Amino acid sequence: MAPGAHLAVYKVCDAQGCFESDLLAGMDAAVKDGVDVLSVSLGGISTPLDKDPIAIGAFAAVTKGVLVVCAGGNSGPLPSTLSNEAPWVLTVAAGSVDRSFRASVRLGDGEMFEGESLVQDKDFSSKVYPLYYSNGLNYCDYFDANITGMVVVCDTETPVPPMSSIEAVSNAGGAGVVFINEPDFGYTIVVEKYDNLPMSQVTAVDGTKIMGYAMKGTSTSNHTATIVFNSTVVGVKPSPIVAAFSSRGPSVASPGVLKPDIMAPGLNILAAWPSEVPVGAPQSSSFNVVSGTSMATPHITGVAALVKKVHPDWSTAAIKSAIMTTSSAVDNAGNQIMDEEHRKASFYSVGAGHVVPAKAVDPGLVYDLGVHDYAGYICRLLGEAALKIIAINTNLTCAELEPVTGAQLNYPAILVPLRAEAFAVNRTVTNVGPARSNYTAKIEAPKGLTVKVEPAELEFTKVNERKTFTVTVSAAAGASSEQELAEGTLSWLSHDLDHVVRSPIVADSRLTLS
């Protein structure tokens, strides 16, 4: 993302794990050394902000003007599984890219299923092999079966096929293996390097069809298959989709704040790799293909560095706003970004959208926040004792601060309760585009949601001028009382159409504002 950036790397973990004292010391050292942005591909289960070392260290960094970008976690697709949820942190979700390491499974009846494999064995594709699957035996438990020279179908109990299963098939004489993804992972296929045996990983939907073919009839002697390796395929559609493992909101630690913030490439990413750690078979490599929100995070960090370079005087919140409000809500097929099941992705999955680096440097308007705003949020959410812990390097007290809920925080996303009574929030935008600029509000909302913006027109006459508006949200008349979630967007469109400043709106009936 920022190939000209200088890197300062701080070791805060070892073979025993990551100690909080080391993590905080590393973050403090980075700030003292004068870094512009911190990339933190670390995290754990959701933790109250005053007990979360990353949240505490990040608050100290933000007071010095250092943006902290953090991984959202790899505990998806279950809801409320996020880590790094503080509103002063930029929380990153992981999505796919339009690249596939294609390894298609072709059955004897001619049907083809598109799978993936990092290791491409081109010689394998020229021959047809008997296909073996035994119903009731999961995870390649074929230790006593005669599978010599066969392509074996295996279920997986984890997102990544265990090496022990591949070795078991190889040791039993199998010619190749087809791994069926676990159902929860949908269309997300996580690849790793396996040198033992030609293989293909397929989705659970395709795997069910392959198993059905393998069990068709009373004899399996005529059931055949081969794996066709097509190397790297680009332009895959739809892309991006939310990676199944990417953790989801709603946030537990920061109720009222929509998290994650943004999505970036995090599935099967070509990444630098320490050469002393083997990749696949015992061999060294300087690169590997890795998946996780830890891969998505440095993408956003690089974009933040580029924005900081162009706008060195911008606050951390302004940079964050620029990245979020210029993101894309559509995939490369022109449709709404989808999740791992190819359903429309919730903002609890994708954040504001998928990052668009080139647009982030020129957002037009930004939603700005300062340390006092975050401190007011802490006071309202957790109280004075928590503020003293989180803002330990400041003299801030709740007595001198205005308490603010997550809904009223000047955030680039809007999260409110879904109810029949109107709920109003205020937002303030700062003009960072042309001095004379005019914007019109555009609302996109489902039938069950009513959204109003006042005023609906914003006129700016100078750079850094601020304008405040009110967004009122309510359940539409006749909407089902059982509806839990409704999502829409607010976009400010400049009259010259050079800028679209888009914010997600989420109305959640389960939300309790503290």
# chains A, B, ... in the order shown; residues from 1 in each chain; ligands from 1
call {"tool": "residues_around", "arguments": {"residues": "Val152 of chain A", "least_positions_apart": "3", "cutoff": "7 Å", "atoms": "only C-alpha atoms", "output": "list of chain:residue names"}}
result
A:Leu131, A:Tyr132, A:Tyr133, A:Gly174, A:Gly176, A:Val177, A:Val178
call {"tool": "write_last_selection", "arguments": {"atoms": "N, CA, C and O atoms", "output": "PDB file, in the first residue's frame"}}
result
ATOM      1  N   LEU A 131     -12.690 -42.463  -7.653  1.00  0.00           N
ATOM      2  CA  LEU A 131     -13.076 -41.549  -6.588  1.00  0.00           C
ATOM      3  C   LEU A 131     -13.594 -42.351  -5.411  1.00  0.00           C
ATOM      4  O   LEU A 131     -14.461 -43.207  -5.563  1.00  0.00           O
ATOM      5  N   TYR A 132     -13.078 -42.037  -4.220  1.00  0.00           N
ATOM      6  CA  TYR A 132     -13.456 -42.813  -3.035  1.00  0.00           C
ATOM      7  C   TYR A 132     -14.028 -41.900  -1.962  1.00  0.00           C
ATOM      8  O   TYR A 132     -13.432 -40.880  -1.596  1.00  0.00           O
ATOM      9  N   TYR A 133     -15.213 -42.285  -1.478  1.00  0.00           N
ATOM     10  CA  TYR A 133     -15.790 -41.621  -0.310  1.00  0.00           C
ATOM     11  C   TYR A 133     -16.615 -42.636   0.453  1.00  0.00           C
ATOM     12  O   TYR A 133     -17.411 -43.378  -0.133  1.00  0.00           O
ATOM     13  N   GLY A 174      -3.150 -43.040  -1.305  1.00  0.00           N
ATOM     14  CA  GLY A 174      -4.062 -42.207  -2.079  1.00  0.00           C
ATOM     15  C   GLY A 174      -3.325 -41.371  -3.113  1.00  0.00           C
ATOM     16  O   GLY A 174      -2.184 -40.935  -2.885  1.00  0.00           O
ATOM     17  N   GLY A 176      -4.695 -38.508  -4.543  1.00  0.00           N
ATOM     18  CA  GLY A 176      -5.047 -37.108  -4.367  1.00  0.00           C
ATOM     19  C   GLY A 176      -6.177 -37.003  -3.372  1.00  0.00           C
ATOM     20  O   GLY A 176      -6.754 -38.013  -2.951  1.00  0.00           O
ATOM     21  N   VAL A 177      -6.524 -35.794  -2.997  1.00  0.00           N
ATOM     22  CA  VAL A 177      -7.559 -35.613  -1.990  1.00  0.00           C
ATOM     23  C   VAL A 177      -8.390 -34.377  -2.318  1.00  0.00           C
ATOM     24  O   VAL A 177      -7.868 -33.355  -2.788  1.00  0.00           O
ATOM     25  N   VAL A 178      -9.689 -34.504  -2.111  1.00  0.00           N
ATOM     26  CA  VAL A 178     -10.626 -33.390  -2.233  1.00  0.00           C
ATOM     27  C   VAL A 178     -11.146 -33.085  -0.838  1.00  0.00           C
ATOM     28  O   VAL A 178     -11.795 -33.930  -0.209  1.00  0.00           O
TER      29      VAL A 178
END
call {"tool": "closest_residue", "arguments": {"among": "A:Gly383, A:Pro298, A:Pro250, A:Gly488", "to": "Leu511 of chain A", "atoms": "only C-alpha atoms"}}
result
A:Pro250
call {"tool": "residues_around", "arguments": {"residues": "Ser481 of chain A", "least_positions_apart": "3", "cutoff": "9 Å", "atoms": "only C-alpha atoms", "output": "list in words"}}
result
Arg419, Ala420, Ala475, Gly478 and Glu484 of chain A
call {"tool": "select_by_dssp", "arguments": {"residues": "segment 108-330 of chain A", "states": "helix (DSSP H, G or I)", "output": "number ranges by chain"}}
result
A: 122-126, 163-171, 183-185, 204-214, 293-310, 316-325
call {"tool": "residues_around", "arguments": {"residues": "Cys18 of chain A", "least_positions_apart": "3", "cutoff": "12 Å", "atoms": "only C-alpha atoms", "output": "ChimeraX atom specification"}}
result
/A:11-15,21-26,41-44,53-54
call {"tool": "write_last_selection", "arguments": {"atoms": "N, CA and C atoms", "output": "CSV table (one decimal), in the first residue's frame"}}
result
chain,number,residue,atom,x,y,z
A,11,LYS,N,9.0,-5.9,18.7
A,11,LYS,CA,8.6,-7.3,19.1
A,11,LYS,C,8.0,-7.2,20.5
A,12,VAL,N,6.7,-7.7,20.5
A,12,VAL,CA,6.0,-7.7,21.8
A,12,VAL,C,5.5,-9.1,22.2
A,13,CYS,N,5.8,-10.1,21.4
A,13,CYS,CA,5.3,-11.4,21.6
A,13,CYS,C,6.5,-12.4,21.4
A,14,ASP,N,6.4,-13.5,22.1
A,14,ASP,CA,7.4,-14.6,21.9
A,14,ASP,C,6.7,-15.9,21.9
A,15,ALA,N,7.5,-17.0,22.0
A,15,ALA,CA,6.9,-18.3,22.0
A,15,ALA,C,5.9,-18.6,23.2
A,21,SER,N,2.4,-6.1,29.5
A,21,SER,CA,3.5,-5.1,29.7
A,21,SER,C,4.4,-4.9,28.5
A,22,ASP,N,4.7,-6.0,27.8
A,22,ASP,CA,5.5,-5.9,26.6
A,22,ASP,C,4.7,-5.1,25.5
A,23,LEU,N,3.4,-5.4,25.4
A,23,LEU,CA,2.6,-4.8,24.3
A,23,LEU,C,2.5,-3.3,24.6
A,24,LEU,N,2.3,-2.9,25.8
A,24,LEU,CA,2.2,-1.5,26.1
A,24,LEU,C,3.5,-0.8,26.0
A,25,ALA,N,4.6,-1.5,26.4
A,25,ALA,CA,5.9,-0.9,26.2
A,25,ALA,C,6.3,-0.7,24.7
A,26,GLY,N,5.9,-1.7,23.9
A,26,GLY,CA,6.1,-1.5,22.4
A,26,GLY,C,5.4,-0.4,21.8
A,41,SER,N,-1.6,-6.2,14.5
A,41,SER,CA,-2.3,-7.4,14.2
A,41,SER,C,-2.3,-8.4,15.3
A,42,LEU,N,-2.9,-7.9,16.4
A,42,LEU,CA,-3.0,-8.7,17.7
A,42,LEU,C,-4.4,-8.4,18.2
A,43,GLY,N,-4.9,-9.3,19.1
A,43,GLY,CA,-6.1,-9.2,19.7
A,43,GLY,C,-6.6,-10.4,20.4
A,44,GLY,N,-7.7,-10.4,21.2
A,44,GLY,CA,-8.2,-11.5,21.8
A,44,GLY,C,-9.7,-11.4,21.9
A,53,PRO,N,-5.4,-3.9,27.0
A,53,PRO,CA,-4.1,-3.1,26.9
A,53,PRO,C,-4.0,-2.4,25.6
A,54,ILE,N,-4.5,-3.0,24.5
A,54,ILE,CA,-4.4,-2.3,23.2
A,54,ILE,C,-5.3,-1.1,23.2
call {"tool": "closest_atom_pairs", "arguments": {"of": "segment 229-309 of chain A", "to": "segment 101-117 of chain A", "cutoff": "12 Å", "atoms": "only C-alpha atoms", "output": "Markdown table"}}
result
| residue | atom | partner | partner_atom | distance |
| --- | --- | --- | --- | --- |
| A:Phe229 | CA | A:Ala103 | CA | 4.4 |
| A:Asn230 | CA | A:Arg102 | CA | 5.3 |
| A:Ser231 | CA | A:Arg102 | CA | 5.7 |
| A:Thr232 | CA | A:Phe101 | CA | 4.7 |
| A:Val233 | CA | A:Phe101 | CA | 6.3 |
| A:Val234 | CA | A:Phe101 | CA | 8.9 |
| A:Gly235 | CA | A:Phe101 | CA | 11.9 |
| A:Val236 | CA | A:Arg102 | CA | 10.4 |
| A:Leu267 | CA | A:Phe101 | CA | 11.8 |
| A:Asn268 | CA | A:Phe101 | CA | 9.1 |
| A:Ile269 | CA | A:Phe101 | CA | 11.3 |
| A:Leu270 | CA | A:Phe101 | CA | 11.7 |
| A:Val289 | CA | A:Phe101 | CA | 10.7 |
call {"tool": "atom_distance", "arguments": {"atom1": "atom CA of His342 of chain A", "atom2": "atom CA of Ala94 of chain A"}}
result
15.2 Å
call {"tool": "residues_around", "arguments": {"residues": "Asn288 of chain A", "least_positions_apart": "4", "cutoff": "7 Å", "atoms": "only C-alpha atoms", "output": "list in words"}}
result
Leu270, Ala271, Ala272 and Trp273 of chain A
call {"tool": "write_last_selection", "arguments": {"atoms": "C-alpha atoms", "output": "PDB file, in the first residue's frame"}}
result
ATOM      1  CA  LEU A 270       0.771 -13.023  -0.397  1.00  0.00           C
ATOM      2  CA  ALA A 271       2.708 -11.879   2.648  1.00  0.00           C
ATOM      3  CA  ALA A 272       6.269 -11.520   3.880  1.00  0.00           C
ATOM      4  CA  TRP A 273       7.320 -14.491   6.024  1.00  0.00           C
TER       5      TRP A 273
END
